[in-house]
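Q: protein-v3.cif is reproduced in full below (mmCIF, C-alpha atoms).
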data_model
loop_
_atom_site.label_atom_id
_atom_site.label_comp_id
_atom_site.auth_asym_id
_atom_site.auth_seq_id
_atom_site.Cartn_x
_atom_site.Cartn_y
_atom_site.Cartn_z
CA MET A 1 10.90 129.50 165.96
CA ALA A 2 9.79 126.43 167.93
CA ALA A 3 6.19 126.78 166.70
CA VAL A 4 7.31 127.18 163.08
CA GLY A 5 9.63 124.17 163.49
CA ALA A 6 6.72 122.09 164.77
CA VAL A 7 4.72 123.05 161.65
CA VAL A 8 7.59 121.97 159.39
CA VAL A 9 7.85 118.62 161.16
CA ALA A 10 4.09 118.16 160.68
CA VAL A 11 4.46 119.00 156.96
CA VAL A 12 7.31 116.49 156.71
CA ALA A 13 5.08 113.79 158.20
CA ASP A 14 2.39 114.53 155.58
CA LEU A 15 4.71 114.09 152.60
CA PRO A 16 4.10 110.96 150.50
CA ARG A 17 5.98 107.74 151.25
CA LEU A 18 7.51 106.95 147.86
CA GLY A 19 9.81 104.06 148.73
CA ALA A 20 13.16 103.38 147.05
CA GLY A 21 14.39 104.54 143.66
CA VAL A 22 17.42 105.71 141.73
CA SER A 23 19.05 108.94 140.62
CA TYR A 24 18.05 109.08 136.98
CA ARG A 25 20.53 108.77 134.11
CA PRO A 26 19.42 109.20 130.48
CA GLU A 27 21.16 105.89 129.69
CA TRP A 28 18.56 104.19 131.89
CA ARG A 29 15.48 105.82 130.39
CA TRP A 30 13.89 102.70 128.92
CA GLU A 31 15.02 100.45 131.76
CA ALA A 32 13.45 102.82 134.27
CA VAL A 33 10.13 102.78 132.41
CA ARG A 34 10.31 99.01 131.88
CA HIS A 35 10.94 98.35 135.57
CA ARG A 36 8.60 101.09 136.85
CA GLY A 37 6.77 98.59 139.07
CA ARG A 38 9.99 97.99 141.01
CA LEU A 39 10.87 101.67 141.44
CA GLY A 40 9.21 103.88 144.03
CA CYS A 41 10.62 107.08 142.53
CA LEU A 42 13.22 108.57 140.22
CA GLU A 43 15.33 111.56 141.17
CA LEU A 44 16.18 113.99 138.37
CA ILE A 45 18.78 116.74 138.48
CA ALA A 46 16.75 119.92 138.07
CA ASP A 47 19.69 121.84 136.57
CA GLU A 48 19.88 119.42 133.64
CA LEU A 49 16.30 120.06 132.51
CA SER A 50 17.38 122.91 130.28
CA GLY A 51 14.54 123.17 127.78
CA PRO A 52 11.11 122.04 126.59
CA GLU A 53 12.28 118.67 125.26
CA ALA A 54 14.05 117.80 128.53
CA LEU A 55 10.89 118.76 130.42
CA ARG A 56 8.74 116.70 128.07
CA GLN A 57 10.95 113.67 128.75
CA ALA A 58 10.74 114.34 132.48
CA ARG A 59 6.92 114.49 132.32
CA LEU A 60 6.86 111.17 130.44
CA LEU A 61 9.02 109.63 133.14
CA ASP A 62 6.81 111.15 135.84
CA ALA A 63 3.80 109.44 134.24
CA ALA A 64 5.59 106.11 134.78
CA VAL A 65 7.36 106.66 138.11
CA PRO A 66 7.02 109.60 140.56
CA VAL A 67 9.78 112.09 139.88
CA LEU A 68 11.74 113.99 142.54
CA LEU A 69 13.78 117.08 141.72
CA HIS A 70 17.28 117.57 143.10
CA GLY A 71 19.28 120.76 142.56
CA ILE A 72 23.06 120.88 142.40
CA GLY A 73 23.91 124.38 141.18
CA LEU A 74 21.88 126.88 143.15
CA SER A 75 24.78 127.50 145.56
CA LEU A 76 22.60 128.07 148.62
CA GLY A 77 25.70 128.77 150.71
CA SER A 78 26.93 131.65 148.54
CA ALA A 79 27.62 134.81 150.52
CA GLU A 80 27.06 136.72 147.26
CA GLY A 81 23.44 135.50 147.12
CA LEU A 82 21.62 133.46 144.49
CA ASP A 83 21.83 133.94 140.73
CA PRO A 84 18.41 135.32 139.72
CA TRP A 85 18.42 133.55 136.37
CA ARG A 86 19.21 130.19 138.01
CA LEU A 87 16.40 130.75 140.45
CA ASP A 88 13.98 131.52 137.59
CA GLN A 89 15.15 128.45 135.68
CA LEU A 90 14.66 126.22 138.73
CA ALA A 91 11.24 127.74 139.40
CA SER A 92 10.09 127.01 135.84
CA VAL A 93 11.21 123.36 136.14
CA VAL A 94 9.49 122.95 139.52
CA GLU A 95 6.31 124.58 138.19
CA ALA A 96 6.32 122.23 135.19
CA LEU A 97 6.77 119.04 137.22
CA ARG A 98 5.29 119.88 140.65
CA PRO A 99 7.33 117.27 142.56
CA PRO A 100 6.34 116.38 146.14
CA TRP A 101 9.45 118.22 147.36
CA LEU A 102 12.62 119.91 146.11
CA SER A 103 16.10 119.29 147.48
CA GLU A 104 19.43 121.15 147.33
CA HIS A 105 22.74 121.11 149.22
CA ILE A 106 24.31 122.82 152.20
CA ALA A 107 27.21 124.02 150.08
CA PHE A 108 28.41 126.64 147.65
CA THR A 109 29.46 126.09 144.04
CA ARG A 110 30.56 129.55 142.87
CA ALA A 111 32.18 132.70 144.19
CA GLY A 112 33.59 135.83 142.62
CA GLY A 113 32.47 134.74 139.16
CA VAL A 114 34.30 131.39 139.44
CA GLU A 115 32.30 128.22 138.85
CA ILE A 116 33.91 125.51 140.98
CA GLY A 117 32.02 122.63 139.38
CA HIS A 118 31.70 120.81 142.68
CA LEU A 119 29.73 121.04 145.95
CA THR A 120 32.14 122.91 148.21
CA PRO A 121 31.84 122.99 152.02
CA LEU A 122 30.93 125.99 154.12
CA PRO A 123 32.82 126.96 157.26
CA PHE A 124 30.95 125.84 160.37
CA THR A 125 30.11 129.40 161.46
CA ALA A 126 27.04 131.41 162.46
CA GLU A 127 27.58 133.62 159.39
CA ALA A 128 27.31 130.59 157.10
CA VAL A 129 24.14 129.44 158.90
CA GLU A 130 22.58 132.88 158.37
CA THR A 131 23.68 132.93 154.71
CA VAL A 132 22.03 129.61 153.88
CA SER A 133 18.92 130.66 155.79
CA ARG A 134 18.70 133.94 153.86
CA ASN A 135 19.15 132.20 150.50
CA VAL A 136 16.58 129.52 151.37
CA ALA A 137 14.11 132.29 152.28
CA GLN A 138 14.61 133.73 148.79
CA LEU A 139 14.10 130.29 147.24
CA ARG A 140 10.96 129.78 149.32
CA ALA A 141 9.58 133.16 148.24
CA THR A 142 10.07 132.09 144.61
CA LEU A 143 8.45 128.69 145.18
CA PRO A 144 5.75 129.26 147.81
CA GLY A 145 4.30 126.06 149.23
CA MET A 146 7.01 123.77 147.83
CA PRO A 147 8.52 121.65 150.65
CA LEU A 148 12.29 122.13 150.68
CA LEU A 149 14.98 119.70 151.84
CA LEU A 150 18.67 120.42 152.40
CA GLU A 151 21.37 117.76 152.04
CA ASN A 152 24.59 117.28 154.02
CA ILE A 153 27.66 117.04 151.76
CA ALA A 154 30.96 115.15 151.79
CA TYR A 155 34.12 117.23 152.13
CA THR A 156 37.84 116.66 152.43
CA VAL A 157 39.10 120.19 153.15
CA ARG A 158 38.40 121.53 156.65
CA LEU A 159 37.81 125.27 156.47
CA PRO A 160 39.27 127.66 159.05
CA GLY A 161 37.29 129.56 161.69
CA ALA A 162 34.87 126.80 162.76
CA GLU A 163 32.65 127.94 165.64
CA MET A 164 30.86 124.58 166.01
CA ASP A 165 31.18 120.96 164.93
CA GLU A 166 29.71 119.65 161.67
CA ALA A 167 26.60 118.05 163.20
CA THR A 168 25.72 121.22 165.12
CA PHE A 169 26.24 123.23 161.94
CA VAL A 170 23.91 121.00 159.90
CA ARG A 171 21.31 121.08 162.69
CA ARG A 172 21.44 124.88 162.95
CA VAL A 173 21.17 125.30 159.17
CA ILE A 174 18.16 122.98 158.94
CA GLU A 175 16.40 124.57 161.91
CA SER A 176 17.25 128.14 160.95
CA ALA A 177 16.21 127.68 157.31
CA ASP A 178 13.26 125.62 158.56
CA THR A 179 13.52 122.85 155.96
CA GLY A 180 13.39 119.09 155.86
CA LEU A 181 16.60 117.04 155.80
CA LEU A 182 17.89 114.98 152.91
CA LEU A 183 20.34 112.76 154.72
CA ASP A 184 23.14 111.45 152.52
CA LEU A 185 24.38 108.45 154.48
CA GLU A 186 27.32 107.83 152.15
CA ASN A 187 28.45 111.40 152.83
CA VAL A 188 28.20 110.70 156.55
CA HIS A 189 30.19 107.49 156.03
CA ALA A 190 32.84 109.34 153.96
CA ASN A 191 33.16 112.25 156.39
CA ALA A 192 33.36 109.88 159.36
CA LEU A 193 36.29 108.08 157.71
CA ASN A 194 38.06 111.26 156.57
CA HIS A 195 37.52 113.27 159.73
CA ASP A 196 37.66 110.43 162.20
CA TYR A 197 34.32 110.45 164.00
CA GLN A 198 31.62 107.94 164.86
CA PRO A 199 28.83 108.16 162.24
CA GLU A 200 26.11 107.10 164.70
CA ALA A 201 27.13 109.85 167.13
CA PHE A 202 27.02 112.35 164.26
CA LEU A 203 23.54 111.16 163.22
CA SER A 204 22.26 111.32 166.80
CA ALA A 205 23.10 115.05 166.88
CA LEU A 206 21.02 115.82 163.76
CA PRO A 207 17.33 116.82 163.76
CA LEU A 208 16.27 113.34 162.63
CA GLU A 209 12.57 114.19 162.98
CA ARG A 210 13.07 116.30 159.83
CA VAL A 211 14.51 113.50 157.66
CA VAL A 212 12.43 112.98 154.53
CA GLU A 213 14.81 111.39 152.07
CA VAL A 214 18.04 109.38 152.20
CA HIS A 215 20.80 109.12 149.59
CA LEU A 216 23.02 106.05 149.32
CA ALA A 217 26.03 105.62 147.02
CA GLY A 218 29.48 104.07 146.91
CA GLY A 219 32.91 105.70 146.71
CA VAL A 220 36.61 104.87 146.45
CA TRP A 221 39.80 105.67 148.31
CA SER A 222 41.89 108.38 146.68
CA GLU A 223 44.87 110.59 147.59
CA ALA A 224 42.44 112.98 149.33
CA GLY A 225 40.88 110.20 151.43
CA TYR A 226 37.64 108.30 150.91
CA ALA A 227 35.85 110.01 148.01
CA ASP A 228 32.09 109.89 147.47
CA THR A 229 32.38 109.24 143.73
CA HIS A 230 28.99 107.56 143.15
CA SER A 231 30.88 104.94 141.19
CA ARG A 232 30.57 101.79 143.30
CA PRO A 233 27.84 99.73 144.97
CA VAL A 234 26.64 101.00 148.33
CA PRO A 235 29.10 99.78 151.01
CA GLU A 236 27.87 97.70 153.94
CA ALA A 237 28.79 100.54 156.32
CA SER A 238 26.18 102.79 154.66
CA TRP A 239 23.55 100.03 154.67
CA SER A 240 24.17 99.69 158.41
CA LEU A 241 23.61 103.42 158.85
CA LEU A 242 20.29 103.13 157.01
CA GLU A 243 19.29 100.29 159.32
CA TRP A 244 20.27 102.44 162.33
CA LEU A 245 18.23 105.36 160.98
CA LEU A 246 15.12 103.34 160.10
CA ALA A 247 14.99 102.01 163.66
CA ARG A 248 14.54 105.62 164.84
CA VAL A 249 12.59 107.63 162.26
CA PRO A 250 10.40 107.04 159.21
CA VAL A 251 11.96 107.79 155.81
CA HIS A 252 9.82 108.80 152.82
CA ALA A 253 12.26 107.96 150.02
CA VAL A 254 15.64 106.29 149.57
CA ILE A 255 17.63 107.08 146.42
CA ILE A 256 20.53 104.96 145.17
CA GLU A 257 22.93 107.32 143.39
CA ARG A 258 25.24 106.19 140.61
CA ASP A 259 26.94 108.69 138.27
CA ASN A 260 30.12 106.95 137.14
CA ASP A 261 31.07 103.42 136.08
CA LEU A 262 27.38 102.81 135.45
CA PRO A 263 26.35 99.21 136.12
CA ASP A 264 23.70 97.24 134.28
CA PHE A 265 20.30 98.32 135.51
CA PRO A 266 19.46 94.98 137.22
CA GLU A 267 22.50 95.47 139.49
CA LEU A 268 21.09 98.82 140.54
CA LEU A 269 17.61 97.34 140.96
CA ALA A 270 19.02 94.81 143.41
CA GLU A 271 20.16 97.71 145.61
CA VAL A 272 16.79 99.44 145.22
CA GLU A 273 15.05 96.26 146.29
CA ARG A 274 17.29 95.89 149.32
CA ALA A 275 16.36 99.44 150.36
CA SER A 276 12.67 98.71 149.69
CA ARG A 277 12.78 95.64 151.93
CA MET A 278 14.39 97.67 154.71
CA LEU A 279 11.76 100.42 154.38
CA ALA A 280 8.96 97.86 154.46
CA ALA A 281 10.41 96.17 157.55
CA ALA A 282 10.88 99.45 159.45
CA MET B 1 32.80 142.19 151.58
CA SER B 2 31.85 139.74 154.35
CA GLU B 3 34.35 137.28 155.87
CA LEU B 4 32.43 134.40 154.30
CA ALA B 5 32.50 136.01 150.85
CA LYS B 6 36.26 136.55 151.14
CA LEU B 7 36.83 132.95 152.21
CA GLN B 8 34.64 131.59 149.41
CA ARG B 9 36.44 133.65 146.75
CA ALA B 10 39.83 132.54 148.02
CA LEU B 11 38.79 128.89 148.18
CA ALA B 12 37.13 128.93 144.74
CA GLY B 13 40.25 130.52 143.26
CA ARG B 14 42.55 127.96 144.87
CA LEU B 15 40.40 125.00 143.80
CA VAL B 16 40.16 125.97 140.13
CA GLY B 17 43.67 127.45 139.97
CA THR B 18 42.73 131.06 139.16
CA ALA B 19 44.15 132.53 142.39
CA SER B 20 46.67 131.68 145.06
CA ASP B 21 45.31 133.62 148.06
CA ALA B 22 46.56 132.39 151.42
CA LEU B 23 44.11 130.10 153.21
CA ASP B 24 44.44 128.68 156.69
CA CYS B 25 43.73 125.10 155.53
CA ASP B 26 45.76 121.94 155.22
CA PRO B 27 47.72 122.72 152.02
CA GLY B 28 47.96 119.03 151.12
CA ALA B 29 44.18 118.64 151.32
CA LEU B 30 43.69 121.74 149.15
CA VAL B 31 46.08 120.48 146.47
CA ALA B 32 44.43 117.04 146.50
CA ALA B 33 40.95 118.61 146.21
CA ALA B 34 42.07 120.81 143.30
CA ARG B 35 43.59 117.78 141.54
CA SER B 36 40.40 115.82 142.11
CA LEU B 37 38.37 118.59 140.45
CA ARG B 38 40.65 118.54 137.41
CA ARG B 39 40.25 114.77 137.15
CA LYS B 40 36.48 115.20 137.36
CA ARG B 41 36.54 117.65 134.44
CA GLN B 42 38.80 115.37 132.38
CA GLU B 43 36.54 112.40 133.06
CA ALA B 44 33.50 114.42 131.92
CA LEU B 45 35.31 115.43 128.70
CA ARG B 46 36.20 111.80 128.02
CA ARG B 47 32.60 110.69 128.59
CA ILE B 48 30.92 113.44 126.58
CA LEU B 49 33.43 113.41 123.68
CA PRO B 50 34.36 109.72 123.22
CA GLN B 51 35.27 110.01 119.49
CA LEU B 52 37.53 112.99 120.06
CA TRP B 53 39.14 111.36 123.10
CA ALA B 54 39.89 108.23 121.06
CA ALA B 55 41.27 110.25 118.14
CA LEU B 56 43.58 112.19 120.47
CA GLY B 57 44.94 108.94 121.92
CA PRO B 58 47.83 109.51 124.35
CA GLN B 59 47.58 113.27 123.69
CA ALA B 60 44.08 113.41 125.24
CA ALA B 61 45.31 113.86 128.81
CA ILE B 62 47.78 116.64 127.88
CA ARG B 63 45.42 118.52 125.54
CA SER B 64 42.53 118.35 128.02
CA ALA B 65 44.82 119.55 130.83
CA ASN B 66 45.84 122.55 128.70
CA HIS B 67 42.18 123.27 127.96
CA ILE B 68 41.30 123.04 131.67
CA ASP B 69 44.06 125.53 132.51
CA GLY B 70 42.73 128.01 130.00
CA TYR B 71 38.95 127.79 130.23
CA GLN B 72 36.43 128.35 133.02
CA PRO B 73 33.20 126.47 132.27
CA GLY B 74 29.92 127.93 133.44
CA GLY B 75 26.26 128.33 132.61
CA LEU B 76 23.46 125.94 133.26
CA LEU B 77 25.25 122.86 131.90
CA PRO B 78 28.91 123.47 132.76
CA HIS B 79 30.15 120.00 131.71
CA LEU B 80 28.61 120.45 128.27
CA ASP B 81 29.92 124.00 128.02
CA ASP B 82 33.38 122.65 128.86
CA ALA B 83 33.09 119.84 126.29
CA TRP B 84 31.82 122.20 123.59
CA MET B 85 34.78 124.55 124.00
CA PHE B 86 37.29 121.69 124.11
CA ALA B 87 35.83 120.25 120.90
CA GLU B 88 35.83 123.70 119.28
CA GLY B 89 39.50 124.15 120.16
CA SER B 90 40.34 120.68 118.80
CA ALA B 91 38.44 121.34 115.53
CA ALA B 92 41.36 123.56 114.49
CA SER B 93 43.91 120.78 115.10
CA GLY B 94 46.58 120.09 112.49
CA ASP B 95 45.82 116.35 112.71
CA PRO B 96 42.98 115.55 110.24
CA ARG B 97 41.73 112.62 112.36
CA VAL B 98 41.43 114.82 115.44
CA ARG B 99 39.86 117.62 113.38
CA LEU B 100 37.19 115.30 111.96
CA ALA B 101 36.43 113.73 115.35
CA ALA B 102 36.07 117.18 116.92
CA ARG B 103 33.75 118.35 114.13
CA ARG B 104 31.59 115.23 114.54
CA GLU B 105 31.37 115.75 118.30
CA LEU B 106 30.39 119.40 117.77
CA PHE B 107 27.81 118.28 115.23
CA HIS B 108 26.15 116.01 117.80
CA LEU B 109 26.24 118.70 120.47
CA ARG B 110 24.71 121.23 118.05
CA LEU B 111 21.89 118.83 117.21
CA HIS B 112 20.64 119.04 120.77
CA PHE B 113 21.95 122.34 122.11
CA ARG B 114 22.79 125.82 120.90
CA ARG B 115 25.19 128.43 122.22
CA CYS B 116 23.64 131.54 123.74
CA GLY B 117 24.80 135.07 123.09
CA PRO B 118 27.93 136.28 124.90
CA ARG B 119 25.90 138.17 127.53
CA ASP B 120 23.58 135.25 128.32
CA PRO B 121 24.76 133.59 131.57
CA ARG B 122 23.20 130.26 130.56
CA ARG B 123 25.93 129.85 127.86
CA MET B 124 24.00 127.04 126.14
CA VAL B 125 20.41 125.84 126.02
CA GLU B 126 18.42 123.04 124.47
CA ARG B 127 17.86 123.46 120.73
CA THR B 128 14.30 123.93 119.59
CA GLY B 129 12.83 124.52 116.12
CA ILE B 130 14.09 123.29 112.74
CA LEU B 131 17.64 122.23 111.95
CA LEU B 132 18.94 120.79 108.68
CA ALA B 133 22.57 119.76 108.91
CA LEU B 134 25.18 117.70 107.08
CA GLU B 135 27.10 115.34 109.31
CA PRO B 136 30.86 115.74 108.87
CA GLY B 137 32.87 112.93 107.21
CA TRP B 138 32.37 110.67 104.18
CA ARG B 139 30.13 108.28 106.15
CA GLY B 140 28.04 111.20 107.40
CA GLY B 141 24.37 111.67 106.67
CA VAL B 142 21.91 114.48 106.31
CA VAL B 143 20.00 115.18 109.50
CA LEU B 144 16.71 117.04 109.76
CA ARG B 145 15.54 118.03 113.21
CA LEU B 146 11.99 119.30 113.55
CA GLY B 147 10.90 119.94 117.12
CA ARG B 148 11.44 116.68 118.94
CA TRP B 149 11.63 114.55 115.79
CA THR B 150 14.92 113.76 114.10
CA TRP B 151 15.47 112.07 110.72
CA ARG B 152 18.79 110.92 109.42
CA ALA B 153 19.49 109.74 105.86
CA GLY B 154 22.68 108.84 104.00
CA TRP B 155 24.39 106.49 101.58
CA PRO B 156 25.79 104.01 102.45
CA PRO B 157 22.94 103.71 105.00
CA VAL B 158 23.81 105.30 108.30
CA GLY B 159 22.71 104.08 111.73
CA PRO B 160 20.58 105.90 114.24
CA LEU B 161 21.92 109.04 115.89
CA PRO B 162 23.38 108.67 119.34
CA ARG B 163 21.12 109.60 122.22
CA PRO B 164 21.40 113.17 123.38
CA ILE B 165 23.96 113.77 126.10
CA THR B 166 22.43 115.62 128.99
CA GLU B 167 25.26 115.56 131.47
#
Step by step, read the file and then write its structure as structure tokens.
A:
Amino acid sequence: MAAVGAVVVAVVADLPRLGAGVSYRPEWRWEAVRHRGRLGCLELIADELSGPEALRQARLLDAAVPVLLHGIGLSLGSAEGLDPWRLDQLASVVEALRPPWLSEHIAFTRAGGVEIGHLTPLPFTAEAVETVSRNVAQLRATLPGMPLLLENIAYTVRLPGAEMDEATFVRRVIESADTGLLLDLENVHANALNHDYQPEAFLSALPLERVVEVHLAGGVWSEAGYADTHSRPVPEASWSLLEWLLARVPVHAVIIERDNDLPDFPELLAEVERASRMLAAA
Amino acid sequence: MSELAKLQRALAGRLVGTASDALDCDPGALVAAARSLRRKRQEALRRILPQLWAALGPQAAIRSANHIDGYQPGGLLPHLDDAWMFAEGSAASGDPRVRLAARRELFHLRLHFRRCGPRDPRRMVERTGILLALEPGWRGGVVLRLGRWTWRAGWPPVGPLPRPITE
């Protein structure tokens, strides 16, 4: 395993340095093309590219700004395994766009025929580690040669039966599945607030040498705690975590995520440029 | 069934309200998470169906809550699947304003997507090929969709079609 892990780390180092960009929204199509010189990359949700026209639009965008693909519905943590038709759909999108890497989440989104509609946490157990690893192996067999990243999620409900802490769980998943890490710093910030831990200590326990990409976003306080709603500017606490991270490891891409209460594009560009400056200074 | 599979089924059921299996979790956190998921679905319905939401007025929250209780979205684009079924249910409303708004929302969804057969797990996919359709309402136009090109004509002159909704 150590030798394979060393290979993955070497592959991570060879991935392109794209800089900072945004999670793509159709509302921003023309703005993204217009400001392509100020964007290092655009991240598209692979699940939303549901047909030839959506793929054609994605290729047009890719001609202007490098496109990354991010999955949200594969449910890599499902004990019931992956949906074959979802896997085929994702494979066809990846084949059409050939992004530098593909990312998904350490989570499950369906069970027993129920679609939850949200990234739901896994219990921090060895069985969950093995499940993600098995599902990632199936994904890798479908997409040979495509570098894969897994992302840490935000959660409010602590599941029973934990055999390890969250950081150990994420580390074991990443090492067992042998993938790169998409580090969502806003999720770390949210979990640290909701579960009362020091975010820097959490980050120190992760396999940081495998970090390829970072997500930043802003959330709000709700009845369930601090919620990662992607509806506000990135808070200073998350910017500080990026600064902490960049002092330790190189990062290939930083994505500013915004899904709700969409701001004018220049407001988003200001955040992209702040991330770009930090990447350049690192 | 594995322990993880059992836990995931119980949690999924509790979060979407289809089951009430016992779970050794903070019950308050579970209730709050389930409520947050409902709000997320309602927010998506409001965003995807703005005309219908406006026509429903103060009834929008109640009607959408009833819809959420009775329908499990799925497929490749679950938010759109959810919106489609909510609009379809509202198209049979006794209120003519709500009925027209629902039919117009369905019209725009059908311009860009089509429903799959009942055995197709994708539920809906992007529309391809030719479509000739009459927009509902007296200010509606005739729309011809040919591949990726769309033309819209009407009298009095009608504006451009809204951009396709992809989320």
Q: Take CA of Pro199 (chain A) and CA of Ser238 (chain A) and report the distance between them in Å, one decimal.
A: 9.7 Å
Q: Between A:Arg134, A:Arg25, A:Arg59, A:His215, which one has atoms that come closest to chain B, using all atoms listed in the file?
A: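 Closest to chain B of all the choices is A:Arg25.
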Q: Take the PyMOL selection byres ((chain A) within 7 of (chain B)), run it mentally on this structure, and tell me the resulting residues as a PyMOL selection string.
A: chain A and resi 47-48+50-51+53+79-80+110-112+114-116+128+156-160+223-224
Q: Can you translate the PyMOL selection byres ((chain B and resi 103) around 12) into the concrete residues it hits in this file, as a ChimeraX atom specification?
A: /B:49,51-52,55,84-93,96-102,104-110,134-137,140
Q: For the selection you just gave me, I'd like the residues written to a file as a PDB file, in the coordinates of the input, keeping C-alpha atoms.
A:
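Generated output (out.pdb):
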ATOM      1  CA  LEU B  49      33.430 113.410 123.680  1.00  0.00           C
ATOM      2  CA  GLN B  51      35.270 110.010 119.490  1.00  0.00           C
ATOM      3  CA  LEU B  52      37.530 112.990 120.060  1.00  0.00           C
ATOM      4  CA  ALA B  55      41.270 110.250 118.140  1.00  0.00           C
ATOM      5  CA  TRP B  84      31.820 122.200 123.590  1.00  0.00           C
ATOM      6  CA  MET B  85      34.780 124.550 124.000  1.00  0.00           C
ATOM      7  CA  PHE B  86      37.290 121.690 124.110  1.00  0.00           C
ATOM      8  CA  ALA B  87      35.830 120.250 120.900  1.00  0.00           C
ATOM      9  CA  GLU B  88      35.830 123.700 119.280  1.00  0.00           C
ATOM     10  CA  GLY B  89      39.500 124.150 120.160  1.00  0.00           C
ATOM     11  CA  SER B  90      40.340 120.680 118.800  1.00  0.00           C
ATOM     12  CA  ALA B  91      38.440 121.340 115.530  1.00  0.00           C
ATOM     13  CA  ALA B  92      41.360 123.560 114.490  1.00  0.00           C
ATOM     14  CA  SER B  93      43.910 120.780 115.100  1.00  0.00           C
ATOM     15  CA  PRO B  96      42.980 115.550 110.240  1.00  0.00           C
ATOM     16  CA  ARG B  97      41.730 112.620 112.360  1.00  0.00           C
ATOM     17  CA  VAL B  98      41.430 114.820 115.440  1.00  0.00           C
ATOM     18  CA  ARG B  99      39.860 117.620 113.380  1.00  0.00           C
ATOM     19  CA  LEU B 100      37.190 115.300 111.960  1.00  0.00           C
ATOM     20  CA  ALA B 101      36.430 113.730 115.350  1.00  0.00           C
ATOM     21  CA  ALA B 102      36.070 117.180 116.920  1.00  0.00           C
ATOM     22  CA  ARG B 104      31.590 115.230 114.540  1.00  0.00           C
ATOM     23  CA  GLU B 105      31.370 115.750 118.300  1.00  0.00           C
ATOM     24  CA  LEU B 106      30.390 119.400 117.770  1.00  0.00           C
ATOM     25  CA  PHE B 107      27.810 118.280 115.230  1.00  0.00           C
ATOM     26  CA  HIS B 108      26.150 116.010 117.800  1.00  0.00           C
ATOM     27  CA  LEU B 109      26.240 118.700 120.470  1.00  0.00           C
ATOM     28  CA  ARG B 110      24.710 121.230 118.050  1.00  0.00           C
ATOM     29  CA  LEU B 134      25.180 117.700 107.080  1.00  0.00           C
ATOM     30  CA  GLU B 135      27.100 115.340 109.310  1.00  0.00           C
ATOM     31  CA  PRO B 136      30.860 115.740 108.870  1.00  0.00           C
ATOM     32  CA  GLY B 137      32.870 112.930 107.210  1.00  0.00           C
ATOM     33  CA  GLY B 140      28.040 111.200 107.400  1.00  0.00           C
TER      34      GLY B 140
END
Q: Expand the PyMOL selection byres ((chain B and resi 64) around 10) into the individual residues it matches in the shown file, reporting them as a compact mmCIF listing (two decimals) with C-alpha atoms, keeping the file's coordinate frame.
A:
# COMPACT_ATOMS: atom_id res chain seq x y z
CA ARG B 38 40.65 118.54 137.41
CA ARG B 41 36.54 117.65 134.44
CA GLN B 42 38.80 115.37 132.38
CA GLU B 43 36.54 112.40 133.06
CA LEU B 45 35.31 115.43 128.70
CA ARG B 46 36.20 111.80 128.02
CA TRP B 53 39.14 111.36 123.10
CA LEU B 56 43.58 112.19 120.47
CA GLN B 59 47.58 113.27 123.69
CA ALA B 60 44.08 113.41 125.24
CA ALA B 61 45.31 113.86 128.81
CA ILE B 62 47.78 116.64 127.88
CA ARG B 63 45.42 118.52 125.54
CA ALA B 65 44.82 119.55 130.83
CA ASN B 66 45.84 122.55 128.70
CA HIS B 67 42.18 123.27 127.96
CA ILE B 68 41.30 123.04 131.67
CA ASP B 69 44.06 125.53 132.51
CA GLY B 70 42.73 128.01 130.00
CA ALA B 83 33.09 119.84 126.29
CA PHE B 86 37.29 121.69 124.11
CA ALA B 87 35.83 120.25 120.90
CA SER B 90 40.34 120.68 118.80
Q: Ranking A:Asp259, A:Val94, A:Arg210, A:Ser78 by minimum distance to Phe108 (chain A) and counting all atoms listed in the file, which one comes first?
A: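 Of A:Asp259, A:Val94, A:Arg210, A:Ser78, the one nearest Phe108 (chain A), counting all atoms listed in the file, is A:Ser78.
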Q: In Å, with one decimal, what is the gap from CA of Gly81 (chain A) to CA of His118 (chain A)?
A: 17.4 Å
Q: If you count all atoms listed in the file, which residues fall within 12 Å of Asn135 (chain A), apart from same-chain ones fewer than 3 positions away, as number ranges by chain?
A: A: 74-84, 87, 104-108, 128-132, 138-142, 150, 173, 176-178
Q: Would you mind reading off the distance between CA of Ala237 (chain A) and CA of His189 (chain A), one decimal, in Å?
A: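 Answer for the CA of Ala237 (chain A) to CA of His189 (chain A) separation: 7.1 Å.
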Q: Please list as a ChimeraX atom specification every residue within 9 Å of Ile45 (chain A), counting only C-alpha atoms and excluding residues in the same chain fewer than 2 positions away.
A: /A:23-24,43,47-49,68-72
Q: Near Val143 (chain B), within 9 Å and counting only C-alpha atoms, which residues show up once chain neighbours fewer than 3 positions away are dropped, as JSON, numbers by chain?
A: {"B": [111, 131, 132, 133, 134, 135, 150, 151, 152, 153, 154]}
Q: Centre and edge lengths of an axis-aligned box around all listed atoms of region 13-22 of chain B, with 6 Å added on each side, are to be given in Å to one decimal, as lines of an AutoDock Vina configuration file.
A:
center_x = 43.4
center_y = 129.3
center_z = 145.3
size_x = 18.5
size_y = 20.6
size_z = 24.3
Q: Between B:Asp95, B:Asp82, B:Ser20, B:Arg114, which has the minimum distance to Gly57 (chain B) (counting all atoms listed in the file)?
A: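 Of B:Asp95, B:Asp82, B:Ser20, B:Arg114, the one nearest Gly57 (chain B) is B:Asp95, counting all atoms listed in the file.
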